[in-house]
Structures are given as structure tokens and as C-alpha cells.
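**Q** One structure, as C-alpha cells, below. Some questions next.
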Amino acid sequence: MLGMNGPIVKIRWNDAAQQVKTHAVNIAAPEENLSISESVGEMVAKDDKAITLVNHWNDVDGVDMITIPTDWCHEIEVLKECIIENSESQQE
């Protein structure tokens with residue numbers, strides 16, 4: 001289940017983008033050509049280089065995930081903290 005190994009987060013990040021058959025390039029502000037993306041999922045891994053989100057879980061097929069370079073991220077919003085079940089909570 002999602003949320004068992006890490007928090008559910010929304011990440012706003014820059015993705016690479018390709019323009020085909022464009023007629024003008026803004027050379028003064030090339031960052032305007034990046035694709036602004038948002039991804040939501042369970043953050044299962046994070047270090048200085050990458051963040052991995054699981055955004056789909058299925059007991060038959062496994063998981064779908066995305067790994068985003070950490071320095072491409074603008075904002076990480078925690079939507080729900082990690083759900084941790086331990087033996088004490090299962091007895092209640």
C-alpha cells in the first residue's frame with residue numbers, strides 16, 4: 001500500500017523539454033523553455049542526487065515510480081506523513 005514506507009508528497013519540478021519546428025528562441029531566458037511538472041506519490045528514497053516517488057501500487061503488478069533529479073525540484077509539499085504500523089497499534 002502507498003504511504004507505508006514514506007510520506008505522500010507533491011513535487012513541483014523542472015523537466016527537460018523539446019520544442020520542434022519553433023521559430024523563435026528566447027536566448028535571454030532559456031529557462032522559459034523548460035516544462036514545469038508536478039508529481040504526486042510516496043517518497044521512498046531521497047538523497048543529494050535524486051528523489052524516487054512511487055505513484056501507483058498494485059498487488060499483482062508491483063509499482064510504478066518516477067525518479068527526479070534533486071536539483072530539478074522547486075518545492076516538495078508533504079501531503080500526508082508516513083503511515084507506520086507497529087505491533088502495538090495492531091493489538092488495539
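If you're wondering about the labels, chains in the C-alpha cells are A, B, ... by order shown, residues count from 1 in each chain, ligands from 1 in order shown.
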Quick one: contact table of stretch 23-57 of chain A to stretch 73-79 of chain A, 10 Å max, nearest atom pair and distance in Å to one decimal per residue, counting only C-alpha atoms, chain and number order, as CSV?
**A**
residue,atom,partner,partner_atom,distance
A:Ile36,CA,A:His74,CA,9.7
A:Ser37,CA,A:Cys73,CA,9.4
A:Glu38,CA,A:Glu75,CA,9.5
A:Ser39,CA,A:Ile76,CA,9.7
A:Val40,CA,A:Leu79,CA,9.0
A:Gly41,CA,A:Leu79,CA,9.4
A:Glu42,CA,A:Val78,CA,9.6
A:Met43,CA,A:Val78,CA,9.4
A:Ala50,CA,A:Cys73,CA,9.6
A:Ile51,CA,A:Cys73,CA,9.1
**Q** I need the helix (DSSP H, G or I) residues of chain A per DSSP on the backbone, written as a PyMOL selection string.
**A** chain A and resi 30-33+70-72+87-91
**Q** Taking 2 positions as the minimum chain separation for residues in the same chain, which residues sit within 8 Å of A:Ile66 when counting only C-alpha atoms? Answer as a compact mmCIF listing (two decimals) with N, CA and C atoms, in the first residue's frame.
**A**
# COMPACT_ATOMS: atom_id res chain seq x y z
N THR A 52 12.96 9.49 -5.40
CA THR A 52 12.13 8.48 -6.06
C THR A 52 10.75 8.47 -5.43
N LEU A 53 9.73 8.61 -6.30
CA LEU A 53 8.33 8.55 -5.88
C LEU A 53 7.68 7.30 -6.46
N VAL A 54 6.92 6.60 -5.63
CA VAL A 54 6.05 5.54 -6.11
C VAL A 54 4.68 6.17 -6.28
N ASN A 55 4.15 6.14 -7.52
CA ASN A 55 2.87 6.81 -7.75
C ASN A 55 1.75 5.85 -8.12
N ASP A 64 4.64 1.53 -9.98
CA ASP A 64 5.15 2.45 -10.98
C ASP A 64 5.86 3.55 -10.21
N ILE A 68 13.35 11.71 -9.91
CA ILE A 68 13.56 13.10 -10.32
C ILE A 68 14.90 13.57 -9.77
**Q** I'd like to know which of A:Gly6, A:Thr22, A:Met1, A:Ala45 is closest to A:Trp57, using only C-alpha atoms.
**A** A:Met1
**Q** What gap, in Å, lies between atom CA of A:Leu2 and atom CA of A:Ala16?
**A**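 Atom CA of A:Ala16 lies 27.5 Å from atom CA of A:Leu2.
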**Q** Under the rule that only C-alpha atoms are counted, which of A:His23, A:Val44, A:Val60, A:Asp71 is the nearest residue to A:Gly3?
**A** A:Val44
**Q** Hey, which of A:Lys49, A:Ile83, A:Ile11, A:Trp72 ends up closest to A:Glu31? Count only C-alpha atoms.
**A**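 Of the candidates, the smallest distance to A:Glu31 is held by A:Trp72.
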**Q** Residues of stretch 34-74 of chain A classed as strand (DSSP E or B) by DSSP on the backbone are to be reported as a PyMOL selection string.
**A** chain A and resi 35-46+50-58+62-69+73-74
**Q** Under the rule that only C-alpha atoms are counted, which of A:Met4, A:Ala24, A:Leu34, A:Ala17 is the nearest residue to A:Ile84?
**A**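 Ranking A:Met4, A:Ala24, A:Leu34, A:Ala17 by distance to A:Ile84, first place goes to A:Met4.
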**Q** So, with only C-alpha atoms as the atoms that count, which of A:Asp61, A:Pro69, A:Asp48, A:Glu81 lies closest to A:Arg12?
**A**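 Using only C-alpha atoms, the shortest distance to A:Arg12 belongs to A:Pro69.
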**Q** Rounded to one decimal, what separation in Å do you get between atom CA of A:Val20 and atom CA of A:Glu32?
**A**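 Spanning atom CA of A:Val20 to atom CA of A:Glu32 is a straight-line distance of 15.2 Å.
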**Q** Atom CA of A:Ser35 and atom CA of A:Asp15 are how many Å apart?
**A**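 Atom CA of A:Asp15 lies 5.0 Å from atom CA of A:Ser35.
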**Q** Of the residues A:Gln19, A:Cys82, A:His56, A:Asp47, which is the one nearest to A:Asn5, using only C-alpha atoms?
**A**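 Nearest candidate to A:Asn5 out of A:Gln19, A:Cys82, A:His56, A:Asp47: A:Cys82.
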